[in-house]
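*Asks:* Input: one structure, supplied below.
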Amino acid sequence: MDVGAVTAPAPRRADQFVHPALLYRGSAEYLAGTVPFIREGLAAGEAVGLAVPGPNLRLILTELGSDAERVRLLDMTRSGRHPGRIIPNVLRAFADAHPSGRVRIVAEQLWSGRAVREYPTCVHQEALINVALSGRLVSMLCPYDADVVGPQTLAEVELNHPRLIDAHGERASTRFAPERVITDDRLCSHTMGPSFTFDAARAALAGQFACDQATRLGHTGDHAELKLIVGELVARSLVHGGGTGSLRIWAERGYLVCDVRNAGHIRDLPAGSPLADPRKPDGRSLL
């Protein structure tokens, strides 16, 4: 395969948010797609950020040499460990820190060690990026290892990115429709764990249900934080989700997973990006 065909995205209008996906196979294609993108930004005087998993970060740093000193470096396995914080804490934070000109970011949020349960959130966050950074002077390249992520992920990459880059060159995505991803509840569907249905009359019982399930799953000790989290989620469901909802608790990879669902619909798509103002009297659930 001719890795030389993997190139940085073509220039766009100065006022356009650029958001291509790089579908690479192997380190040679990865470097051929990311390093020129970074160096073009540096040559243009743009602020450049690199947020990728540790092994790929080291790979790019070796190739960049002394140019790496001019790049903001983040290990995505740490900075993006919580998928819901990638937009506010990584992407918008970097763009907001350089308001006077275009910025350039390489952001890779999927890696082999990321928990399967986090995948739907990553997909939704990738879709929300198109809303959160719309109109911003940002060029953002999103690499995906085509040998690892699988056909379903590759199909969703086409939905979330207007342009695609691979060994055959750059092309427009004919399936680009991030709003479909944002509103598709099937990405987050599950049947794990027993369910507890609550309304205003049963809201106080949700915390005890969560604690009982945590104990059953081997998470003993003080459950005060769990009660606080469940109480906040349940309260938000009662206020914004039609007055009722369902709660599930299960264990995964040593973590206790708490899932609350209701009939509400978020109309402000980038809600929580940036984070809620801590001085506001409500909105704590977005912190």
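Naming works like this for the structure tokens: A, B, ... for the chains as they're shown, residue 1 at the start of each chain, ligands 1 onward in shown order.
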If you count only C-alpha atoms, which residues fall within 10 Å of A:Phe94, apart from same-chain ones fewer than 3 positions away, as an MDAnalysis selection string?
*Replies:* chainID A and resid 47:49 72 87:91 97:99 103:105 138
*Asks:* Find the residues near A:Glu108: any atom within 12 Å, counting only C-alpha atoms, skip ones fewer than 5 places away on the same chain, and give them as a CSV table (one decimal) with N, CA and C atoms, in the first residue's frame.
*Replies:*
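Written file, result.csv:
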chain,number,residue,atom,x,y,z
A,20,PRO,N,-11.8,16.6,9.5
A,20,PRO,CA,-11.7,15.3,8.7
A,20,PRO,C,-11.3,14.1,9.7
A,21,ALA,N,-11.6,12.9,9.2
A,21,ALA,CA,-11.1,11.7,9.9
A,21,ALA,C,-10.0,11.1,9.1
A,22,LEU,N,-9.0,10.6,9.8
A,22,LEU,CA,-7.8,9.9,9.2
A,22,LEU,C,-8.0,8.4,9.5
A,23,LEU,N,-8.2,7.6,8.5
A,23,LEU,CA,-8.3,6.2,8.6
A,23,LEU,C,-7.0,5.6,8.2
A,24,TYR,N,-6.3,5.1,9.2
A,24,TYR,CA,-4.9,4.7,8.9
A,24,TYR,C,-4.7,3.2,9.3
A,30,TYR,N,-0.1,6.3,9.8
A,30,TYR,CA,-0.4,7.3,10.9
A,30,TYR,C,0.5,8.5,10.8
A,34,THR,N,-0.6,12.5,10.1
A,34,THR,CA,-0.6,13.4,11.2
A,34,THR,C,0.5,14.4,11.2
A,49,GLY,N,-2.2,21.6,18.8
A,49,GLY,CA,-2.3,20.7,19.9
A,49,GLY,C,-2.4,19.3,19.5
A,50,LEU,N,-1.8,18.4,20.3
A,50,LEU,CA,-1.8,17.0,20.0
A,50,LEU,C,-2.3,16.2,21.2
A,51,ALA,N,-3.5,15.6,21.0
A,51,ALA,CA,-4.1,14.8,22.1
A,51,ALA,C,-4.4,13.4,21.6
A,52,VAL,N,-3.4,12.5,21.7
A,52,VAL,CA,-3.6,11.1,21.2
A,52,VAL,C,-3.1,10.2,22.3
A,53,PRO,N,-3.4,8.9,22.2
A,53,PRO,CA,-2.9,7.9,23.2
A,53,PRO,C,-1.4,7.9,23.3
A,54,GLY,N,-0.9,7.6,24.5
A,54,GLY,CA,0.5,7.6,24.8
A,54,GLY,C,1.5,7.0,23.8
A,55,PRO,N,1.2,5.8,23.3
A,55,PRO,CA,2.1,5.2,22.3
A,55,PRO,C,2.2,6.0,21.0
A,56,ASN,N,1.1,6.5,20.6
A,56,ASN,CA,1.0,7.3,19.3
A,56,ASN,C,1.6,8.7,19.6
A,57,LEU,N,1.5,9.2,20.8
A,57,LEU,CA,2.1,10.5,21.1
A,57,LEU,C,3.6,10.4,21.0
A,74,LEU,N,-0.8,16.3,24.9
A,74,LEU,CA,-1.6,15.7,25.8
A,74,LEU,C,-1.8,14.2,25.6
A,75,ASP,N,-1.7,13.4,26.6
A,75,ASP,CA,-1.9,12.0,26.5
A,75,ASP,C,-3.4,11.8,26.6
A,76,MET,N,-4.1,11.4,25.5
A,76,MET,CA,-5.6,11.3,25.6
A,76,MET,C,-6.1,10.3,26.5
A,77,THR,N,-5.2,9.3,26.9
A,77,THR,CA,-5.7,8.2,27.8
A,77,THR,C,-5.8,8.8,29.2
A,79,SER,N,-6.0,12.8,29.6
A,79,SER,CA,-6.8,14.0,29.5
A,79,SER,C,-8.2,13.7,29.0
A,80,GLY,N,-8.3,12.6,28.2
A,80,GLY,CA,-9.6,12.3,27.7
A,80,GLY,C,-10.2,11.0,28.2
A,81,ARG,N,-9.7,10.6,29.4
A,81,ARG,CA,-10.1,9.4,30.1
A,81,ARG,C,-11.7,9.3,30.2
A,83,PRO,N,-14.8,10.4,28.5
A,83,PRO,CA,-15.1,10.9,27.1
A,83,PRO,C,-15.9,12.2,27.1
A,86,ILE,N,-13.8,15.5,26.9
A,86,ILE,CA,-12.9,15.8,25.8
A,86,ILE,C,-13.2,17.1,25.2
A,90,VAL,N,-10.4,19.5,26.7
A,90,VAL,CA,-9.3,19.3,25.7
A,90,VAL,C,-9.5,20.2,24.5
A,91,LEU,N,-10.6,20.1,23.8
A,91,LEU,CA,-10.7,20.8,22.5
A,91,LEU,C,-11.1,22.2,22.7
A,114,ARG,N,-9.5,1.3,25.8
A,114,ARG,CA,-10.7,2.0,26.3
A,114,ARG,C,-11.9,1.0,26.5
A,122,CYS,N,-18.2,8.2,23.4
A,122,CYS,CA,-17.2,8.7,22.4
A,122,CYS,C,-17.8,9.0,21.1
A,123,VAL,N,-18.7,8.2,20.6
A,123,VAL,CA,-19.4,8.4,19.3
A,123,VAL,C,-20.2,9.7,19.4
A,126,GLU,N,-18.1,12.8,19.5
A,126,GLU,CA,-17.5,13.1,18.2
A,126,GLU,C,-18.6,13.8,17.4
A,140,MET,N,-9.3,20.3,12.9
A,140,MET,CA,-9.2,19.1,13.8
A,140,MET,C,-9.1,17.8,13.0
A,141,LEU,N,-8.1,17.1,13.2
A,141,LEU,CA,-7.9,15.8,12.5
A,141,LEU,C,-8.1,14.7,13.5
A,142,CYS,N,-9.0,13.7,13.2
A,142,CYS,CA,-9.3,12.7,14.1
A,142,CYS,C,-8.8,11.3,13.5
A,143,PRO,N,-7.7,10.8,14.0
A,143,PRO,CA,-7.2,9.5,13.5
A,143,PRO,C,-8.0,8.3,14.1
A,144,TYR,N,-8.2,7.3,13.2
A,144,TYR,CA,-8.8,6.0,13.6
A,144,TYR,C,-8.0,4.9,13.0
A,145,ASP,N,-7.7,3.9,13.9
A,145,ASP,CA,-6.9,2.8,13.4
A,145,ASP,C,-7.9,1.8,12.7
*Asks:* Nearest to A:Ala155 among A:Ala177, A:Ile182, A:Cys211, A:Val71, with distances taken over only C-alpha atoms: which residue is it?
*Replies:*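 Of A:Ala177, A:Ile182, A:Cys211, A:Val71, the one nearest A:Ala155, counting only C-alpha atoms, is A:Ala177.
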*Asks:* Mind checking which residues fall within 10 Å of A:Arg180, counting only C-alpha atoms, ignoring those fewer than 5 positions away in the same chain, and posting them as a list in words?
*Replies:*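 The contact residues come out as His124, Ala127, Glu156, Leu159, Asn160 and Asp185 of chain A.
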*Asks:* Store the residues picked out above in a file with C-alpha atoms, as a compact mmCIF listing (two decimals), in the first residue's frame.
*Replies:*
# COMPACT_ATOMS: atom_id res chain seq x y z
CA HIS A 124 -21.84 10.99 20.67
CA ALA A 127 -20.88 14.06 16.74
CA GLU A 156 -20.09 5.97 12.35
CA LEU A 159 -21.55 10.00 9.91
CA ASN A 160 -19.48 12.23 12.19
CA ASP A 185 -30.58 6.15 21.46
*Asks:* Identify, with DSSP run on backbone atoms, the residues in stretch 208-243 of chain A assigned to alpha helix (DSSP H), and express the list as a list in words.
*Replies:*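 Filtering stretch 208-243 of chain A to alpha helix (DSSP H) leaves Gln208, Phe209, Ala210, Cys211, Asp212, Gln213, Ala214, Thr215, Arg216, Ala224, Glu225, Leu226, Lys227, Leu228, Ile229, Val230, Gly231, Glu232, Leu233, Val234, Ala235, Arg236, Ser237, Leu238, Val239 and His240 of chain A.
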*Asks:* Take the residues that were just selected and, keeping C-alpha atoms, output them as a compact mmCIF listing (two decimals), in the first residue's frame.
*Replies:*
# COMPACT_ATOMS: atom_id res chain seq x y z
CA GLN A 208 -31.11 2.59 48.54
CA PHE A 209 -31.65 0.48 45.43
CA ALA A 210 -28.27 1.66 44.12
CA CYS A 211 -26.53 0.88 47.41
CA ASP A 212 -28.10 -2.57 47.61
CA GLN A 213 -26.97 -3.36 44.07
CA ALA A 214 -23.47 -2.06 44.79
CA THR A 215 -23.20 -4.36 47.80
CA ARG A 216 -24.53 -7.30 45.80
CA ALA A 224 -22.39 8.13 50.34
CA GLU A 225 -20.98 9.29 47.00
CA LEU A 226 -23.09 6.77 45.11
CA LYS A 227 -26.21 8.04 46.87
CA LEU A 228 -25.26 11.61 45.98
CA ILE A 229 -24.73 10.75 42.31
CA VAL A 230 -27.94 8.76 42.01
CA GLY A 231 -29.88 11.43 43.87
CA GLU A 232 -28.70 14.11 41.44
CA LEU A 233 -29.49 12.01 38.37
CA VAL A 234 -32.93 11.09 39.68
CA ALA A 235 -33.71 14.70 40.62
CA ARG A 236 -32.74 15.91 37.13
CA SER A 237 -34.95 13.22 35.61
CA LEU A 238 -37.92 14.34 37.66
CA VAL A 239 -37.42 17.97 36.66
CA HIS A 240 -36.42 17.60 33.01
*Asks:* Which is closer to A:His19 than all the others in A:Glu158, A:Glu179, A:Asp67, A:Glu40, using only C-alpha atoms?
*Replies:* A:Glu158
*Asks:* Rank A:Pro162, A:Gly264, A:Pro194, A:Gly221 by their smallest atom-to-atom distance to A:Gly241, using only C-alpha atoms, and report the top residue only.
*Replies:*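 Of the candidates, the smallest distance to A:Gly241 is held by A:Gly264.
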*Asks:* Find the residues around A:Val116 up to 10 Å (only C-alpha atoms counted), leave out those fewer than 3 positions away in its own chain, and share them as a list in words.
*Replies:* Ser112, Gly113, Tyr119, Pro120, Glu252 and Arg253 of chain A
*Asks:* Which residue is closest to A:Ala206? Choose from A:Asp259, A:Asp166, A:Asp184, A:Asp147 and count only C-alpha atoms.
*Replies:*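 Smallest distance to A:Ala206 is found for A:Asp259.
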*Asks:* What's the separation between atom CA of A:Ala32 and atom CA of A:Arg136, in Å to one decimal place?
*Replies:*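 For atom CA of A:Ala32 relative to atom CA of A:Arg136, the distance reads 26.0 Å.
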